[in-house]
>>> print(open('coords28.txt').read())   # compact mmCIF, C-alpha atoms
# COMPACT_ATOMS: atom_id res chain seq x y z
CA MET A 10 6.83 10.27 26.03
CA VAL A 11 6.70 6.90 24.27
CA ASP A 12 7.37 3.97 26.63
CA ARG A 13 9.00 1.60 24.15
CA GLY A 14 9.07 -1.33 26.55
CA VAL A 15 5.32 -1.15 27.13
CA ILE A 16 4.59 -0.84 23.40
CA LEU A 17 6.81 -3.80 22.49
CA ALA A 18 5.12 -5.86 25.20
CA GLN A 19 1.71 -4.95 23.79
CA LEU A 20 2.84 -5.85 20.27
CA ALA A 21 4.22 -9.20 21.43
CA LEU A 22 1.05 -10.04 23.34
CA LYS A 23 -1.20 -9.12 20.42
CA VAL A 24 0.85 -11.20 17.98
CA ALA A 25 0.93 -14.13 20.39
CA GLY A 26 -2.86 -13.98 20.67
CA THR A 27 -3.41 -14.46 16.92
CA PRO A 28 -3.42 -17.84 15.12
CA ALA A 29 0.14 -19.09 14.68
CA GLU A 30 -0.59 -20.39 11.18
CA GLU A 31 -1.23 -16.84 9.95
CA PRO A 32 1.74 -15.14 8.22
CA LEU A 33 3.75 -12.99 10.61
CA VAL A 34 3.17 -9.82 8.61
CA ARG A 35 -0.61 -10.24 8.82
CA ARG A 36 -0.43 -10.86 12.56
CA LEU A 37 1.68 -7.74 13.01
CA CYS A 38 -0.71 -5.60 10.98
CA GLN A 39 -3.72 -6.87 12.89
CA ALA A 40 -1.92 -6.05 16.14
CA CYS A 41 -1.38 -2.51 14.84
CA VAL A 42 -5.11 -1.97 14.48
CA ASP A 43 -5.59 -2.55 18.21
CA ILE A 44 -2.45 -0.86 19.52
CA LEU A 45 -2.85 2.27 17.38
CA ASP A 46 -6.64 2.41 17.82
CA VAL A 47 -7.30 2.66 14.08
CA HIS A 48 -9.86 1.19 11.70
CA GLY A 49 -7.32 -0.46 9.42
CA VAL A 50 -3.76 -0.54 8.13
CA ALA A 51 -1.86 -1.42 4.97
CA LEU A 52 1.79 -2.41 4.71
CA THR A 53 3.68 -1.94 1.46
CA ILE A 54 7.31 -2.86 0.81
CA GLY A 55 9.48 -1.19 -1.84
CA TYR A 56 7.02 1.68 -2.03
CA THR A 57 8.48 3.65 -4.94
CA THR A 58 10.19 0.80 -6.80
CA GLU A 59 9.01 -1.48 -9.58
CA ASP A 60 9.15 -4.34 -7.06
CA ARG A 61 6.60 -2.63 -4.81
CA VAL A 62 4.25 -5.08 -3.11
CA THR A 63 1.47 -4.55 -0.60
CA VAL A 64 2.07 -7.46 1.76
CA CYS A 65 -0.96 -6.89 3.97
CA THR A 66 -4.20 -4.93 4.23
CA THR A 67 -6.52 -5.48 7.18
CA ASP A 68 -9.78 -4.47 5.50
CA PRO A 69 -11.25 -3.40 2.14
CA THR A 70 -10.96 0.33 2.89
CA ALA A 71 -7.25 0.07 3.68
CA ALA A 72 -6.76 -1.99 0.50
CA ARG A 73 -8.60 0.52 -1.69
CA LEU A 74 -6.79 3.49 -0.15
CA GLU A 75 -3.44 1.84 -0.81
CA ASP A 76 -4.38 0.91 -4.36
CA LEU A 77 -5.56 4.45 -5.18
CA GLN A 78 -2.28 5.87 -3.89
CA GLU A 79 -0.30 3.48 -6.07
CA VAL A 80 -2.37 4.11 -9.17
CA LEU A 81 -2.35 7.91 -8.77
CA GLY A 82 1.17 8.22 -7.37
CA GLU A 83 0.22 10.73 -4.69
CA GLY A 84 -0.96 10.78 -1.09
CA PRO A 85 0.40 10.40 2.44
CA GLY A 86 2.06 7.06 1.59
CA PRO A 87 4.09 8.25 -1.40
CA ASP A 88 5.07 11.41 0.50
CA ALA A 89 6.21 9.42 3.54
CA SER A 90 8.30 7.14 1.34
CA LYS A 91 9.93 9.95 -0.64
CA GLU A 92 10.51 12.31 2.30
CA GLY A 93 11.53 9.64 4.82
CA HIS A 94 9.28 10.87 7.62
CA ARG A 95 5.69 10.34 8.71
CA VAL A 96 2.89 12.18 6.95
CA SER A 97 -0.64 12.70 8.24
CA GLY A 98 -3.70 14.40 6.81
CA ARG A 99 -7.39 14.26 6.10
CA LEU A 100 -8.80 12.93 2.86
CA PRO A 101 -10.46 14.51 1.00
CA SER A 102 -8.14 17.42 1.73
CA ALA A 103 -9.63 20.84 2.36
CA GLU A 104 -6.22 22.47 1.83
CA GLY A 105 -5.79 21.24 -1.72
CA ARG A 106 -3.28 18.52 -0.82
CA TRP A 107 -3.31 15.43 -3.03
CA PRO A 108 -5.94 16.72 -5.49
CA LEU A 109 -5.96 13.60 -7.67
CA LEU A 110 -6.44 11.35 -4.66
CA SER A 111 -9.01 13.44 -2.79
CA GLU A 112 -11.85 13.05 -5.29
CA PRO A 113 -11.94 9.23 -5.52
CA VAL A 114 -11.34 8.83 -1.77
CA GLY A 115 -14.24 11.17 -1.02
CA SER A 116 -16.60 9.44 -3.41
CA GLN A 117 -15.59 5.87 -2.59
CA LEU A 118 -14.46 5.90 1.03
CA GLY A 119 -15.82 9.08 2.58
CA THR A 120 -13.74 11.21 4.96
CA VAL A 121 -10.73 9.51 6.55
CA GLU A 122 -7.76 10.61 8.62
CA VAL A 123 -4.60 8.97 7.28
CA LEU A 124 -1.20 8.46 8.89
CA ALA A 125 1.62 7.09 6.72
CA LEU A 126 4.78 5.88 8.46
CA PRO A 127 8.06 4.93 6.77
CA LEU A 128 9.58 1.71 8.08
CA SER A 129 12.72 3.36 9.52
CA VAL A 130 13.09 7.13 9.39
CA GLY A 131 15.47 8.60 6.84
CA ALA A 132 16.50 7.97 3.26
CA ASP A 133 15.22 4.91 1.41
CA PRO A 134 12.83 3.35 3.96
CA MET A 135 12.10 -0.32 3.23
CA GLY A 136 8.36 0.34 3.12
CA VAL A 137 5.41 2.29 4.47
CA LEU A 138 2.76 1.43 7.04
CA THR A 139 -0.44 3.38 6.39
CA ALA A 140 -3.20 3.62 9.02
CA TYR A 141 -6.60 5.25 8.77
CA ARG A 142 -9.50 6.13 11.06
CA ASP A 143 -12.23 8.76 11.45
CA ARG A 144 -10.43 11.24 13.75
CA PRO A 145 -7.04 13.01 13.72
CA PHE A 146 -3.87 11.57 15.21
CA SER A 147 -2.28 13.46 18.11
CA ALA A 148 1.48 14.07 18.21
CA GLU A 149 1.89 11.41 20.90
CA GLU A 150 -0.14 8.90 18.90
CA GLN A 151 2.05 9.58 15.88
CA ASP A 152 5.18 8.96 17.97
CA VAL A 153 3.77 5.62 19.14
CA ALA A 154 2.76 4.69 15.61
CA GLN A 155 6.23 5.48 14.23
CA PHE A 156 7.87 3.29 16.85
CA VAL A 157 5.47 0.45 16.04
CA ALA A 158 6.19 0.85 12.32
CA ASP A 159 9.95 0.68 12.92
CA ALA A 160 9.50 -2.40 15.11
CA ILE A 161 7.48 -4.08 12.37
CA GLY A 162 10.12 -3.16 9.79
CA ALA A 163 12.78 -4.83 11.90
CA ALA A 164 10.61 -7.93 12.38
CA ILE A 165 9.90 -8.25 8.67
CA ASP A 166 13.54 -7.75 7.77
CA ARG A 167 14.48 -10.68 10.00
CA ASP A 168 11.56 -12.79 8.80
CA GLN A 169 12.42 -12.52 5.08
CA ASP A 170 15.25 -15.06 5.23
CA GLY A 171 14.24 -17.14 2.25
CA THR A 172 13.24 -20.19 4.28
CA THR A 173 9.53 -20.08 3.52
CA ASP A 174 8.32 -23.00 1.41
CA SER A 175 5.72 -21.09 -0.60
CA PRO A 176 5.32 -17.41 -1.47
CA SER A 177 2.44 -15.50 0.06
CA GLU A 178 -0.46 -14.28 -2.03
CA PRO A 179 0.69 -10.61 -2.17
CA TRP A 180 4.00 -11.65 -3.74
CA LEU A 181 2.14 -13.79 -6.26
CA ALA A 182 -0.11 -10.84 -7.07
CA ARG A 183 2.93 -8.65 -7.68
CA SER A 184 4.47 -11.27 -9.94
CA ARG A 185 1.32 -11.03 -12.06
CA VAL A 186 1.88 -7.28 -12.33
CA HIS A 187 5.39 -7.98 -13.66
CA MET A 188 4.03 -10.56 -16.11
CA ALA A 189 1.32 -8.18 -17.29
CA THR A 190 3.88 -5.40 -17.73
CA GLY A 191 5.97 -7.67 -19.93
CA MET A 192 2.94 -8.59 -22.03
CA VAL A 193 2.04 -4.92 -22.56
CA VAL A 194 5.66 -4.20 -23.51
CA ALA A 195 5.38 -6.87 -26.23
CA GLN A 196 1.91 -5.74 -27.36
CA LEU A 197 2.67 -2.03 -27.64
CA ASN A 198 6.45 -1.99 -28.07
CA VAL A 199 6.90 0.45 -25.19
CA ALA A 200 9.35 0.64 -22.29
CA PRO A 201 8.49 -1.31 -19.10
CA ARG A 202 8.00 1.91 -17.13
CA ASP A 203 5.51 3.15 -19.74
CA ALA A 204 3.73 -0.21 -19.81
CA LEU A 205 3.24 -0.12 -16.04
CA ALA A 206 1.95 3.45 -16.28
CA LEU A 207 -0.63 2.33 -18.87
CA ILE A 208 -1.78 -0.51 -16.62
CA ARG A 209 -2.16 1.94 -13.73
CA ALA A 210 -4.11 4.33 -15.96
CA TYR A 211 -6.42 1.53 -17.04
CA ALA A 212 -7.02 0.56 -13.40
CA PHE A 213 -7.88 4.15 -12.47
CA ALA A 214 -10.14 4.66 -15.49
CA HIS A 215 -12.08 1.48 -14.75
CA ASP A 216 -12.19 1.96 -10.95
CA THR A 217 -10.45 -1.33 -10.21
CA SER A 218 -7.20 -2.46 -8.61
CA LEU A 219 -3.82 -2.81 -10.25
CA SER A 220 -3.62 -6.51 -9.39
CA GLN A 221 -7.06 -7.22 -10.90
CA VAL A 222 -6.10 -5.54 -14.19
CA ALA A 223 -2.79 -7.41 -14.23
CA GLU A 224 -4.51 -10.73 -13.65
CA ALA A 225 -6.93 -10.01 -16.50
CA ILE A 226 -4.06 -9.11 -18.85
CA VAL A 227 -2.17 -12.28 -17.97
CA ALA A 228 -5.37 -14.29 -18.54
CA ARG A 229 -5.75 -12.47 -21.90
CA GLN A 230 -9.11 -11.06 -20.86
CA ILE A 231 -7.72 -7.57 -21.46
CA ARG A 232 -5.43 -6.64 -24.32
CA LEU A 233 -4.17 -3.08 -24.69
CA HIS A 234 -3.67 -1.90 -28.26
CA HIS A 235 -3.23 1.23 -30.36
CA ASP A 236 -6.21 2.54 -32.31
CA SER A 237 -5.93 4.29 -35.67
CA GLU A 238 -5.24 7.63 -33.95
CA GLY A 239 -2.48 6.26 -31.76
CA GLN A 240 -4.51 6.11 -28.55
CA VAL A 241 -4.22 3.14 -26.23
CA ASN A 242 -7.45 1.21 -25.68
CA PRO A 243 -8.56 -2.10 -24.17
>>> encode(input="coords28.txt", output="structure tokens")
Amino acid sequence: MVDRGVILAQLALKVAGTPAEEPLVRRLCQACVDILDVHGVALTIGYTTEDRVTVCTTDPTAARLEDLQEVLGEGPGPDASKEGHRVSGRLPSAEGRWPLLSEPVGSQLGTVEVLALPLSVGADPMGVLTAYRDRPFSAEEQDVAQFVADAIGAAIDRDQDGTTDSPSEPWLARSRVHMATGMVVAQLNVAPRDALALIRAYAFAHDTSLSQVAEAIVARQIRLHHDSEGQVNP
């Protein structure tokens, strides 16, 4: 049985022990790594919306795993967001789950156990906390992790009150994705949803992140265009 008081105390102590100048969301995510005994976590808000933004990743593997799930549109994170409950599994999957995601995860990251937790259980969670490590999560560990995710969701909801003087880097990165989408709309005369899909496809094809492609488009280092056969090329 999950002792919520003990877990909240642990979370508070971990956050208090991190530098106060760090953004709260980063301090919460770093606390998760210790409390949940995982290698890394990623926290994404607005998971299935056009305003989706990954507000924190604790390490390069968590960042790459999150980016691959966004680009490919499948995995524990997308499932947790759509279904409104936690999803766990091994990647690459031996059962044929997430076939598009399994191949690049296996080749780039090796074998990982992933646990994706919606921030609040039920319809339309505000985001997803995704944790990974090298061994499976027990049922009790998943219960603890879900409680921690819900606590973080509540903390973030209170923290986003509009009083911050400057936006954090993840929000700036997402604004570049919106700018790049608008530029591709103008270049190719396509709908915004299609433009974003093309940017994601380019990121997957070139084994890079969505934010890096967006930044290059905004900087006019990449320009998508139609060739004579109607294909889209850089």
>>> atom_distance(input="coords28.txt", atom1="atom CA of Ile231 of chain A", atom2="atom CA of Leu197 of chain A")
13.3 Å
>>> residues_near_point(input="coords28.txt", point="(-3.9, -2.1, -2.5)", cutoff="9 Å", atoms="all atoms listed in the file", output="list in words")
Ala51, Thr53, Val62, Thr63, Cys65, Thr66, Pro69, Ala71, Ala72, Arg73, Leu74, Glu75, Asp76, Leu77, Gln78, Glu79, Ser218, Leu219 and Ser220 of chain A
>>> write_last_selection(input="coords28.txt", atoms="C-alpha atoms", output="compact mmCIF listing (two decimals), keeping the file's coordinate frame")
# COMPACT_ATOMS: atom_id res chain seq x y z
CA ALA A 51 -1.86 -1.42 4.97
CA THR A 53 3.68 -1.94 1.46
CA VAL A 62 4.25 -5.08 -3.11
CA THR A 63 1.47 -4.55 -0.60
CA CYS A 65 -0.96 -6.89 3.97
CA THR A 66 -4.20 -4.93 4.23
CA PRO A 69 -11.25 -3.40 2.14
CA ALA A 71 -7.25 0.07 3.68
CA ALA A 72 -6.76 -1.99 0.50
CA ARG A 73 -8.60 0.52 -1.69
CA LEU A 74 -6.79 3.49 -0.15
CA GLU A 75 -3.44 1.84 -0.81
CA ASP A 76 -4.38 0.91 -4.36
CA LEU A 77 -5.56 4.45 -5.18
CA GLN A 78 -2.28 5.87 -3.89
CA GLU A 79 -0.30 3.48 -6.07
CA SER A 218 -7.20 -2.46 -8.61
CA LEU A 219 -3.82 -2.81 -10.25
CA SER A 220 -3.62 -6.51 -9.39
>>> atom_distance(input="coords28.txt", atom1="atom CA of Trp107 of chain A", atom2="atom CA of Arg202 of chain A")
22.6 Å
>>> residues_around(input="coords28.txt", residues="Ser184 of chain A", least_positions_apart="6", cutoff="12 Å", atoms="only C-alpha atoms", output="number ranges by chain")
A: 59-63, 176-178, 190-191, 219-220, 223-224, 227
>>> residues_around(input="coords28.txt", residues="Gly162 of chain A", least_positions_apart="3", cutoff="9 Å", atoms="all atoms listed in the file", output="list in words")
Pro127, Leu128, Ser129, Met135, Gly136, Val137, Val157, Ala158, Asp159, Ile165, Asp166 and Arg167 of chain A
>>> atom_distance(input="coords28.txt", atom1="atom CA of Thr139 of chain A", atom2="atom CA of Gly86 of chain A")
6.5 Å
>>> closest_residue(input="coords28.txt", among="A:Leu17, A:Ala148, A:Val80, A:Leu118", to="Val96 of chain A", atoms="only C-alpha atoms")
A:Ala148
>>> build_atoms(input="coords28.txt", residues="segment 141-165 of chain A", atoms="N, CA, C and O atoms", output="tab-separated table (two decimals), in the frame of the given file")
chain	number	residue	atom	x	y	z
A	141	TYR	N	-5.51	4.28	8.95
A	141	TYR	CA	-6.60	5.25	8.77
A	141	TYR	C	-7.64	5.07	9.87
A	141	TYR	O	-7.79	4.00	10.47
A	142	ARG	N	-8.37	6.16	10.14
A	142	ARG	CA	-9.50	6.13	11.06
A	142	ARG	C	-10.35	7.38	10.81
A	142	ARG	O	-10.09	8.12	9.84
A	143	ASP	N	-11.32	7.65	11.68
A	143	ASP	CA	-12.23	8.76	11.45
A	143	ASP	C	-11.94	10.00	12.28
A	143	ASP	O	-12.73	10.94	12.30
A	144	ARG	N	-10.79	10.06	12.97
A	144	ARG	CA	-10.43	11.24	13.75
A	144	ARG	C	-8.93	11.46	13.65
A	144	ARG	O	-8.17	10.52	13.38
A	145	PRO	N	-8.47	12.71	13.88
A	145	PRO	CA	-7.04	13.01	13.72
A	145	PRO	C	-6.16	12.26	14.71
A	145	PRO	O	-6.61	11.79	15.75
A	146	PHE	N	-4.88	12.20	14.36
A	146	PHE	CA	-3.87	11.57	15.21
A	146	PHE	C	-3.12	12.66	15.98
A	146	PHE	O	-2.62	13.61	15.38
A	147	SER	N	-3.04	12.51	17.30
A	147	SER	CA	-2.28	13.46	18.11
A	147	SER	C	-0.79	13.24	17.89
A	147	SER	O	-0.36	12.21	17.35
A	148	ALA	N	0.02	14.19	18.36
A	148	ALA	CA	1.48	14.07	18.21
A	148	ALA	C	1.99	12.84	18.95
A	148	ALA	O	2.86	12.11	18.45
A	149	GLU	N	1.45	12.59	20.14
A	149	GLU	CA	1.89	11.41	20.90
A	149	GLU	C	1.50	10.12	20.20
A	149	GLU	O	2.29	9.16	20.14
A	150	GLU	N	0.29	10.09	19.64
A	150	GLU	CA	-0.14	8.90	18.90
A	150	GLU	C	0.74	8.66	17.68
A	150	GLU	O	1.04	7.51	17.34
A	151	GLN	N	1.17	9.72	17.04
A	151	GLN	CA	2.05	9.58	15.88
A	151	GLN	C	3.42	9.04	16.31
A	151	GLN	O	4.03	8.24	15.59
A	152	ASP	N	3.91	9.48	17.46
A	152	ASP	CA	5.18	8.96	17.97
A	152	ASP	C	5.09	7.45	18.23
A	152	ASP	O	5.99	6.69	17.88
A	153	VAL	N	3.99	7.04	18.87
A	153	VAL	CA	3.77	5.62	19.14
A	153	VAL	C	3.70	4.85	17.83
A	153	VAL	O	4.32	3.78	17.68
A	154	ALA	N	2.93	5.37	16.89
A	154	ALA	CA	2.76	4.69	15.61
A	154	ALA	C	4.08	4.54	14.87
A	154	ALA	O	4.35	3.50	14.26
A	155	GLN	N	4.94	5.57	14.92
A	155	GLN	CA	6.23	5.48	14.23
A	155	GLN	C	7.11	4.41	14.86
A	155	GLN	O	7.78	3.65	14.16
A	156	PHE	N	7.09	4.33	16.18
A	156	PHE	CA	7.87	3.29	16.85
A	156	PHE	C	7.37	1.90	16.47
A	156	PHE	O	8.16	0.99	16.21
A	157	VAL	N	6.05	1.73	16.43
A	157	VAL	CA	5.47	0.45	16.04
A	157	VAL	C	5.87	0.10	14.61
A	157	VAL	O	6.23	-1.04	14.30
A	158	ALA	N	5.82	1.09	13.71
A	158	ALA	CA	6.19	0.85	12.32
A	158	ALA	C	7.65	0.41	12.20
A	158	ALA	O	7.97	-0.52	11.45
A	159	ASP	N	8.53	1.07	12.96
A	159	ASP	CA	9.95	0.68	12.92
A	159	ASP	C	10.16	-0.72	13.48
A	159	ASP	O	10.98	-1.49	12.97
A	160	ALA	N	9.40	-1.06	14.54
A	160	ALA	CA	9.50	-2.40	15.11
A	160	ALA	C	9.04	-3.46	14.11
A	160	ALA	O	9.66	-4.53	13.98
A	161	ILE	N	7.98	-3.15	13.38
A	161	ILE	CA	7.48	-4.08	12.37
A	161	ILE	C	8.49	-4.22	11.23
A	161	ILE	O	8.74	-5.32	10.73
A	162	GLY	N	9.10	-3.10	10.84
A	162	GLY	CA	10.12	-3.16	9.79
A	162	GLY	C	11.26	-4.07	10.18
A	162	GLY	O	11.74	-4.88	9.36
A	163	ALA	N	11.70	-3.98	11.43
A	163	ALA	CA	12.78	-4.83	11.90
A	163	ALA	C	12.36	-6.30	11.92
A	163	ALA	O	13.12	-7.19	11.55
A	164	ALA	N	11.12	-6.55	12.33
A	164	ALA	CA	10.61	-7.93	12.38
A	164	ALA	C	10.52	-8.54	10.99
A	164	ALA	O	10.89	-9.70	10.77
A	165	ILE	N	10.04	-7.76	10.04
A	165	ILE	CA	9.90	-8.25	8.67
A	165	ILE	C	11.26	-8.50	8.05
A	165	ILE	O	11.48	-9.48	7.34
